[in-house]
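To be precise, the following lines are model19.pdb, and they hold PDB, C-alpha atoms.
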```pdb
ATOM      1  CA  MET A 197     -17.728 -34.043 -19.866
ATOM      2  CA  THR A 198     -15.372 -31.813 -21.756
ATOM      3  CA  ALA A 199     -14.511 -28.525 -20.067
ATOM      4  CA  THR A 200     -15.430 -25.432 -22.040
ATOM      5  CA  LYS A 201     -12.399 -23.449 -23.026
ATOM      6  CA  VAL A 202     -12.700 -19.773 -22.158
ATOM      7  CA  GLU A 203     -10.826 -17.577 -24.580
ATOM      8  CA  LYS A 204      -8.948 -14.637 -23.149
ATOM      9  CA  PRO A 205      -9.709 -11.284 -24.747
ATOM     10  CA  ALA A 206      -7.052 -10.294 -27.250
ATOM     11  CA  ARG A 207      -4.471  -7.911 -25.868
ATOM     12  CA  LYS A 208      -4.716  -4.448 -27.393
ATOM     13  CA  THR A 209      -1.878  -3.331 -29.584
ATOM     14  CA  ARG A 210       0.196  -0.250 -28.856
ATOM     15  CA  ILE A 211      -1.577   1.590 -31.701
ATOM     16  CA  GLN A 212      -5.014   0.639 -30.344
ATOM     17  CA  ARG A 213      -4.086   1.875 -26.863
ATOM     18  CA  ALA A 214      -2.697   5.096 -28.317
ATOM     19  CA  ASN A 215      -5.850   5.707 -30.367
ATOM     20  CA  GLU A 216      -8.112   5.050 -27.383
ATOM     21  CA  GLN A 217      -6.117   7.557 -25.335
ATOM     22  CA  LYS A 218      -6.272  10.084 -28.175
ATOM     23  CA  ILE A 219     -10.066   9.737 -28.230
ATOM     24  CA  LEU A 220     -10.345  10.077 -24.458
ATOM     25  CA  ASP A 221      -8.108  13.174 -24.449
ATOM     26  CA  ALA A 222     -10.220  14.728 -27.197
ATOM     27  CA  ALA A 223     -13.453  13.812 -25.411
ATOM     28  CA  LEU A 224     -12.211  15.337 -22.167
ATOM     29  CA  GLU A 225     -11.622  18.622 -23.972
ATOM     30  CA  VAL A 226     -15.059  18.551 -25.629
ATOM     31  CA  PHE A 227     -17.033  17.377 -22.584
ATOM     32  CA  SER A 228     -15.315  19.869 -20.262
ATOM     33  CA  GLN A 229     -16.373  22.715 -22.571
ATOM     34  CA  HIS A 230     -19.861  21.620 -23.615
ATOM     35  CA  GLY A 231     -21.027  19.057 -21.063
ATOM     36  CA  PHE A 232     -22.413  15.661 -22.051
ATOM     37  CA  ARG A 233     -25.609  16.951 -23.650
ATOM     38  CA  GLY A 234     -23.884  19.659 -25.668
ATOM     39  CA  SER A 235     -21.192  17.372 -27.038
ATOM     40  CA  THR A 236     -21.339  15.180 -30.121
ATOM     41  CA  ILE A 237     -19.389  12.292 -31.581
ATOM     42  CA  ASP A 238     -18.568  14.544 -34.549
ATOM     43  CA  GLN A 239     -16.990  17.140 -32.246
ATOM     44  CA  ILE A 240     -14.934  14.467 -30.490
ATOM     45  CA  SER A 241     -13.762  12.861 -33.728
ATOM     46  CA  THR A 242     -12.749  16.273 -35.111
ATOM     47  CA  GLN A 243     -10.871  17.100 -31.898
ATOM     48  CA  ALA A 244      -9.142  13.703 -32.047
ATOM     49  CA  GLY A 245      -8.242  14.155 -35.714
ATOM     50  CA  MET A 246      -9.817  10.905 -36.833
ATOM     51  CA  SER A 247     -12.908   9.864 -38.768
ATOM     52  CA  LYS A 248     -16.185   9.161 -37.026
ATOM     53  CA  PRO A 249     -16.257   5.492 -38.183
ATOM     54  CA  ASN A 250     -12.707   5.038 -36.869
ATOM     55  CA  LEU A 251     -13.694   6.508 -33.484
ATOM     56  CA  LEU A 252     -16.753   4.251 -33.278
ATOM     57  CA  TYR A 253     -14.491   1.246 -33.823
ATOM     58  CA  TYR A 254     -13.035   1.945 -30.361
ATOM     59  CA  PHE A 255     -16.100   3.259 -28.522
ATOM     60  CA  LYS A 256     -19.653   2.353 -29.475
ATOM     61  CA  SER A 257     -21.269   5.637 -28.362
ATOM     62  CA  LYS A 258     -20.801   9.056 -26.791
ATOM     63  CA  GLN A 259     -22.054   7.617 -23.504
ATOM     64  CA  ASP A 260     -19.482   4.828 -23.666
ATOM     65  CA  ILE A 261     -16.690   7.413 -23.982
ATOM     66  CA  HIS A 262     -18.119   9.558 -21.182
ATOM     67  CA  GLU A 263     -18.523   6.632 -18.772
ATOM     68  CA  THR A 264     -14.983   5.446 -19.528
ATOM     69  CA  LEU A 265     -13.625   8.912 -18.740
ATOM     70  CA  LEU A 266     -15.564   9.183 -15.476
ATOM     71  CA  SER A 267     -14.485   5.714 -14.390
ATOM     72  CA  ARG A 268     -10.789   6.329 -15.117
ATOM     73  CA  LEU A 269     -10.752   9.751 -13.472
ATOM     74  CA  LEU A 270     -12.703   8.892 -10.330
ATOM     75  CA  ASP A 271      -9.890   7.191  -8.428
ATOM     76  CA  SER A 272      -7.420  10.019  -8.941
ATOM     77  CA  TRP A 273     -10.087  12.562  -8.043
ATOM     78  CA  LEU A 274     -10.869  10.824  -4.733
ATOM     79  CA  ASP A 275      -7.271   9.986  -3.812
ATOM     80  CA  PRO A 276      -6.640  13.180  -1.777
ATOM     81  CA  MET A 277      -9.660  12.453   0.443
ATOM     82  CA  LYS A 278      -8.678   8.800   0.815
ATOM     83  CA  GLU A 279      -5.277   9.932   2.105
ATOM     84  CA  LEU A 280      -6.815  11.939   4.975
ATOM     85  CA  SER A 281      -5.512   9.862   7.887
ATOM     86  CA  GLU A 282      -7.042   9.456  11.336
ATOM     87  CA  ASP A 283      -3.532   8.978  12.729
ATOM     88  CA  GLY A 284      -2.196  12.305  11.471
ATOM     89  CA  ASP A 285      -2.284  15.798  12.975
ATOM     90  CA  PRO A 286      -5.943  16.895  12.530
ATOM     91  CA  LEU A 287      -5.332  20.428  11.298
ATOM     92  CA  GLY A 288      -2.403  19.308   9.172
ATOM     93  CA  GLU A 289      -4.503  16.585   7.552
ATOM     94  CA  ILE A 290      -7.285  19.038   6.645
ATOM     95  CA  LEU A 291      -4.870  21.643   5.292
ATOM     96  CA  ASN A 292      -2.994  19.024   3.280
ATOM     97  CA  TYR A 293      -6.323  18.026   1.737
ATOM     98  CA  VAL A 294      -7.000  21.670   0.844
ATOM     99  CA  VAL A 295      -3.584  21.972  -0.805
ATOM    100  CA  ARG A 296      -4.002  18.715  -2.740
ATOM    101  CA  LYS A 297      -7.384  19.878  -4.024
ATOM    102  CA  ILE A 298      -6.124  23.270  -5.206
ATOM    103  CA  GLU A 299      -3.171  21.513  -6.878
ATOM    104  CA  MET A 300      -5.631  19.289  -8.739
ATOM    105  CA  SER A 301      -7.629  22.322  -9.872
ATOM    106  CA  ARG A 302      -4.400  23.786 -11.235
ATOM    107  CA  ASP A 303      -3.180  20.586 -12.883
ATOM    108  CA  PHE A 304      -6.474  19.015 -14.024
ATOM    109  CA  PRO A 305      -9.014  21.789 -14.723
ATOM    110  CA  ARG A 306     -10.744  19.896 -17.526
ATOM    111  CA  GLU A 307     -11.325  16.883 -15.292
ATOM    112  CA  SER A 308     -12.870  19.135 -12.656
ATOM    113  CA  ARG A 309     -15.221  20.659 -15.224
ATOM    114  CA  LEU A 310     -16.134  17.193 -16.493
ATOM    115  CA  PHE A 311     -17.387  16.236 -13.034
ATOM    116  CA  ALA A 312     -19.025  19.623 -12.471
ATOM    117  CA  ASN A 313     -20.977  19.374 -15.725
ATOM    118  CA  GLU A 314     -22.135  15.876 -14.842
ATOM    119  CA  ILE A 315     -23.406  16.997 -11.424
ATOM    120  CA  ILE A 316     -25.104  20.129 -12.801
ATOM    121  CA  GLN A 317     -27.017  17.922 -15.246
ATOM    122  CA  GLY A 318     -28.337  15.795 -12.379
ATOM    123  CA  ALA A 319     -25.557  13.178 -12.398
ATOM    124  CA  PRO A 320     -27.527  10.791 -14.675
ATOM    125  CA  ARG A 321     -24.455   8.660 -15.416
ATOM    126  CA  PHE A 322     -22.700   9.231 -12.095
ATOM    127  CA  LYS A 323     -25.506   8.921  -9.531
ATOM    128  CA  PRO A 324     -24.844   5.266  -8.539
ATOM    129  CA  ILE A 325     -21.198   6.110  -7.825
ATOM    130  CA  LEU A 326     -22.190   9.241  -5.895
ATOM    131  CA  ALA A 327     -24.682   7.280  -3.813
ATOM    132  CA  GLY A 328     -22.192   4.472  -3.273
ATOM    133  CA  GLU A 329     -18.427   4.958  -3.250
ATOM    134  CA  VAL A 330     -18.351   8.763  -2.952
ATOM    135  CA  ASN A 331     -21.003   8.887  -0.237
ATOM    136  CA  ASP A 332     -19.342   6.076   1.740
ATOM    137  CA  LEU A 333     -15.986   7.856   1.613
ATOM    138  CA  LEU A 334     -17.560  11.170   2.627
ATOM    139  CA  ASN A 335     -19.289   9.528   5.598
ATOM    140  CA  ASP A 336     -16.093   7.778   6.674
ATOM    141  CA  LYS A 337     -13.957  10.932   6.608
ATOM    142  CA  SER A 338     -16.722  12.997   8.245
ATOM    143  CA  LEU A 339     -16.707  10.583  11.194
ATOM    144  CA  ILE A 340     -12.939  11.025  11.571
ATOM    145  CA  ILE A 341     -13.234  14.827  11.477
ATOM    146  CA  SER A 342     -16.144  14.745  13.938
ATOM    147  CA  LYS A 343     -14.046  12.596  16.314
ATOM    148  CA  TRP A 344     -11.211  15.137  16.175
ATOM    149  CA  MET A 345     -13.683  17.900  17.018
ATOM    150  CA  ASP A 346     -15.166  15.926  19.911
ATOM    151  CA  GLU A 347     -11.626  15.463  21.250
ATOM    152  CA  GLY A 348     -11.081  19.234  21.138
ATOM    153  CA  LYS A 349      -8.415  19.058  18.409
ATOM    154  CA  LEU A 350     -10.415  21.205  15.969
ATOM    155  CA  LYS A 351     -13.116  23.826  16.347
ATOM    156  CA  LYS A 352     -16.566  22.355  15.944
ATOM    157  CA  VAL A 353     -18.217  22.811  12.564
ATOM    158  CA  ASP A 354     -20.378  20.472  10.522
ATOM    159  CA  PRO A 355     -17.798  18.068   8.994
ATOM    160  CA  LYS A 356     -19.738  17.440   5.789
ATOM    161  CA  HIS A 357     -20.283  21.140   5.175
ATOM    162  CA  LEU A 358     -16.557  21.611   5.835
ATOM    163  CA  ILE A 359     -15.740  19.138   3.052
ATOM    164  CA  PHE A 360     -18.308  20.787   0.762
ATOM    165  CA  SER A 361     -16.608  24.133   1.455
ATOM    166  CA  ILE A 362     -13.217  22.712   0.551
ATOM    167  CA  TRP A 363     -14.621  21.357  -2.701
ATOM    168  CA  ALA A 364     -16.335  24.638  -3.517
ATOM    169  CA  THR A 365     -13.398  26.919  -2.785
ATOM    170  CA  THR A 366     -10.725  24.814  -4.482
ATOM    171  CA  GLN A 367     -12.653  23.570  -7.529
ATOM    172  CA  HIS A 368     -13.934  27.081  -8.228
ATOM    173  CA  TYR A 369     -10.542  27.916  -9.739
ATOM    174  CA  ALA A 370     -10.973  25.150 -12.324
ATOM    175  CA  ASP A 371     -14.734  25.192 -12.901
ATOM    176  CA  PHE A 372     -14.830  28.993 -13.249
ATOM    177  CA  GLU A 373     -11.362  29.383 -14.718
ATOM    178  CA  GLU A 374     -12.374  32.024 -17.261
ATOM    179  CA  GLN A 375     -13.988  34.172 -14.576
ATOM    180  CA  VAL A 376     -10.877  33.880 -12.409
ATOM    181  CA  ARG A 377      -8.667  34.953 -15.329
ATOM    182  CA  LEU A 378     -10.978  37.839 -16.182
ATOM    183  CA  VAL A 379     -11.052  39.183 -12.626
ATOM    184  CA  LEU A 380      -7.431  38.510 -11.605
ATOM    185  CA  GLY A 381      -5.793  38.841 -14.993
ATOM    186  CA  ARG A 382      -4.242  35.385 -14.637
ATOM    187  CA  GLY A 383      -5.153  31.886 -13.487
ATOM    188  CA  ILE A 384      -3.649  29.577 -10.895
ATOM    189  CA  ASP A 385      -1.436  28.067 -13.590
ATOM    190  CA  ASP A 386       0.622  31.211 -12.915
ATOM    191  CA  PRO A 387       3.034  30.181 -10.101
ATOM    192  CA  ALA A 388       2.691  33.443  -8.167
ATOM    193  CA  GLU A 389      -1.113  33.350  -8.331
ATOM    194  CA  PHE A 390      -1.148  29.710  -7.300
ATOM    195  CA  GLU A 391       0.917  30.466  -4.191
ATOM    196  CA  ASN A 392      -1.322  33.444  -3.386
ATOM    197  CA  THR A 393      -4.459  31.295  -3.749
ATOM    198  CA  LYS A 394      -3.014  28.458  -1.696
ATOM    199  CA  ALA A 395      -1.941  30.815   1.097
ATOM    200  CA  PHE A 396      -5.391  32.424   1.209
ATOM    201  CA  LEU A 397      -7.226  29.088   1.448
ATOM    202  CA  VAL A 398      -4.827  27.650   4.030
ATOM    203  CA  ASN A 399      -5.214  30.779   6.153
ATOM    204  CA  MET A 400      -9.019  30.711   5.818
ATOM    205  CA  PHE A 401      -9.388  27.088   6.868
ATOM    206  CA  THR A 402      -6.785  27.497   9.621
ATOM    207  CA  SER A 403      -8.797  30.385  11.070
ATOM    208  CA  MET A 404     -11.961  28.289  10.842
ATOM    209  CA  LEU A 405     -10.572  25.178  12.528
ATOM    210  CA  LYS A 406      -7.575  25.975  14.754
ATOM    211  CA  VAL A 407      -8.377  25.660  18.454
TER     212      VAL A 407
END
```
So, in terms of structure tokens, how does the structure I just supplied come out?
Amino acid sequence: MTATKVEKPARKTRIQRANEQKILDAALEVFSQHGFRGSTIDQISTQAGMSKPNLLYYFKSKQDIHETLLSRLLDSWLDPMKELSEDGDPLGEILNYVVRKIEMSRDFPRESRLFANEIIQGAPRFKPILAGEVNDLLNDKSLIISKWMDEGKLKKVDPKHLIFSIWATTQHYADFEEQVRLVLGRGIDDPAEFENTKAFLVNMFTSMLKV
């Protein structure tokens, strides 16, 4: 019997990789403004500066682009929580997570809005990941935080609601960026405002958790 030869997929050229990234960057801008439902292939192709047929050569549909974005961004978005270590100082670990999250809201506001829009719409493309990887990670870190509280190293609060509060307070500055700018006159991309925001959140969570 002759073994069937399996052909390896052709390696993408530098131009193909560059065009894919151009499309993804354009889609991130469009999706973060309009959400999945309010966005169109035409909008993305215009933002990318390429024709619609050329875009569809790289991605077969709007959903294909959206799912690729979510998949590529998920790991970086979860990294700060993954780094919360059971072996570290409990309060320091929580506060470092707060700081990492507010840094991500400053540096990646469009990515934050991409996820927010997906959740607001019922997470139709993201629900399996939420129910699986995200939920497993949340449960794992909640057990660590609960253990610290049982050992008297942190004040007792519901660990999952604590994580929700960190998400809400840090991601607010990205998801509601225009409101923040309107009220404060500047966003957290301003270095002074970033330091002010970080200090406020660190102080708030310190007061909540320090024994």
* To do: Quick one: pull the distance between CA of Arg302 (chain A) and CA of Ala370 (chain A), Å, one decimal.
  =>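 Distance reported for this atom pair: 6.8 Å.
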* Which residues come within 12 Å of His230 (chain A), counting all atoms listed in the file, excluding same-chain residues fewer than 3 positions away, as a list in words? ->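 Residues meeting the cut-off are Ala223, Leu224, Glu225, Val226, Phe227, Arg233, Gly234, Ser235, Thr236, Gln239, Ile240, Arg306, Arg309, Leu310, Ala312, Asn313, Glu314 and Gln317 of chain A.
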Within 9 Å of region 208-222 of chain A, counting all atoms listed in the file, which residues qualify if same-chain residues fewer than 3 places away don't, as a JSON list (two decimals) with C-alpha atoms, in the frame of the given file?
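Output saved as selection-v8.json:
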```
[["chain", "number", "residue", "atom", "x", "y", "z"],
["A", 205, "PRO", "CA", -9.71, -11.28, -24.75],
["A", 225, "GLU", "CA", -11.62, 18.62, -23.97],
["A", 226, "VAL", "CA", -15.06, 18.55, -25.63],
["A", 227, "PHE", "CA", -17.03, 17.38, -22.58],
["A", 239, "GLN", "CA", -16.99, 17.14, -32.25],
["A", 240, "ILE", "CA", -14.93, 14.47, -30.49],
["A", 241, "SER", "CA", -13.76, 12.86, -33.73],
["A", 242, "THR", "CA", -12.75, 16.27, -35.11],
["A", 243, "GLN", "CA", -10.87, 17.10, -31.90],
["A", 244, "ALA", "CA", -9.14, 13.70, -32.05],
["A", 245, "GLY", "CA", -8.24, 14.16, -35.71],
["A", 246, "MET", "CA", -9.82, 10.90, -36.83],
["A", 251, "LEU", "CA", -13.69, 6.51, -33.48],
["A", 254, "TYR", "CA", -13.04, 1.94, -30.36],
["A", 255, "PHE", "CA", -16.10, 3.26, -28.52],
["A", 261, "ILE", "CA", -16.69, 7.41, -23.98],
["A", 262, "HIS", "CA", -18.12, 9.56, -21.18],
["A", 264, "THR", "CA", -14.98, 5.45, -19.53],
["A", 265, "LEU", "CA", -13.62, 8.91, -18.74]]
```
* Can you list, as an MDAnalysis selection string, every protein, DNA or RNA residue that comes within 12 Å of Val330 (chain A) when you count only C-alpha atoms, leaving out same-chain residues fewer than 3 positions away? -> chainID A and resid 270:271 273:275 277:278 322:327 333:337
Keeping only C-alpha atoms, take the residues you just selected and write them out as a PDB file, in the frame of the given file.
```pdb
ATOM      1  CA  LEU A 270     -12.703   8.892 -10.330  1.00  0.00           C
ATOM      2  CA  ASP A 271      -9.890   7.191  -8.428  1.00  0.00           C
ATOM      3  CA  TRP A 273     -10.087  12.562  -8.043  1.00  0.00           C
ATOM      4  CA  LEU A 274     -10.869  10.824  -4.733  1.00  0.00           C
ATOM      5  CA  ASP A 275      -7.271   9.986  -3.812  1.00  0.00           C
ATOM      6  CA  MET A 277      -9.660  12.453   0.443  1.00  0.00           C
ATOM      7  CA  LYS A 278      -8.678   8.800   0.815  1.00  0.00           C
ATOM      8  CA  PHE A 322     -22.700   9.231 -12.095  1.00  0.00           C
ATOM      9  CA  LYS A 323     -25.506   8.921  -9.531  1.00  0.00           C
ATOM     10  CA  PRO A 324     -24.844   5.266  -8.539  1.00  0.00           C
ATOM     11  CA  ILE A 325     -21.198   6.110  -7.825  1.00  0.00           C
ATOM     12  CA  LEU A 326     -22.190   9.241  -5.895  1.00  0.00           C
ATOM     13  CA  ALA A 327     -24.682   7.280  -3.813  1.00  0.00           C
ATOM     14  CA  LEU A 333     -15.986   7.856   1.613  1.00  0.00           C
ATOM     15  CA  LEU A 334     -17.560  11.170   2.627  1.00  0.00           C
ATOM     16  CA  ASN A 335     -19.289   9.528   5.598  1.00  0.00           C
ATOM     17  CA  ASP A 336     -16.093   7.778   6.674  1.00  0.00           C
ATOM     18  CA  LYS A 337     -13.957  10.932   6.608  1.00  0.00           C
TER      19      LYS A 337
END
```
* Select, from A:Glu263, A:Phe390, A:Trp363, A:Ile237, the residue with the minimum atom-to-atom distance to Val376 (chain A), counting all atoms listed in the file. => A:Phe390
* For Glu299 (chain A), list every protein, DNA or RNA residue within 12 Å, evaluated using only C-alpha atoms, and leave out those in the same chain fewer than 5 positions away; present the list as JSON, numbers by chain. => {"A": [273, 276, 292, 293, 294, 304, 305, 308, 366, 367, 369, 370, 384, 385, 387, 390, 391, 393, 394, 397]}
* Which residues come within 10 Å of Pro286 (chain A), counting only C-alpha atoms, excluding same-chain residues fewer than 5 positions away, as a list in words? -> Leu280, Ser281, Leu291, Asn292, Ile340, Ile341, Lys343, Trp344, Met345, Lys349, Leu350, Leu405 and Lys406 of chain A
* Go ahead and compute the interatomic distance for CA of Ser228 (chain A) and CA of Glu307 (chain A), in Å to one decimal. =>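 Interatomic distance here is 7.0 Å.
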* Structure fact -> Using all atoms listed in the file, the shortest atom-to-atom distance to Gly231 (chain A) among A:Tyr253, A:Phe311, A:Phe396, A:Phe360 belongs to A:Phe311
* **Nearest residue to Leu339 (chain A) from the set A:Arg207, A:Gln229, A:Asp285, A:Pro355 (distances using all atoms listed in the file)** =>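 Smallest distance to Leu339 (chain A) is found for A:Pro355.
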* Pairwise distance for CA of Glu347 (chain A) and CA of Thr402 (chain A), rounded to one decimal in Å ->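 CA of Thr402 (chain A) lies 17.4 Å from CA of Glu347 (chain A).
Candidate residues A:Lys258, A:Ser272, A:Gly383, A:Asp332 were compared for distance to Lys297 (chain A), and the nearest is A:Ser272, using only C-alpha atoms.
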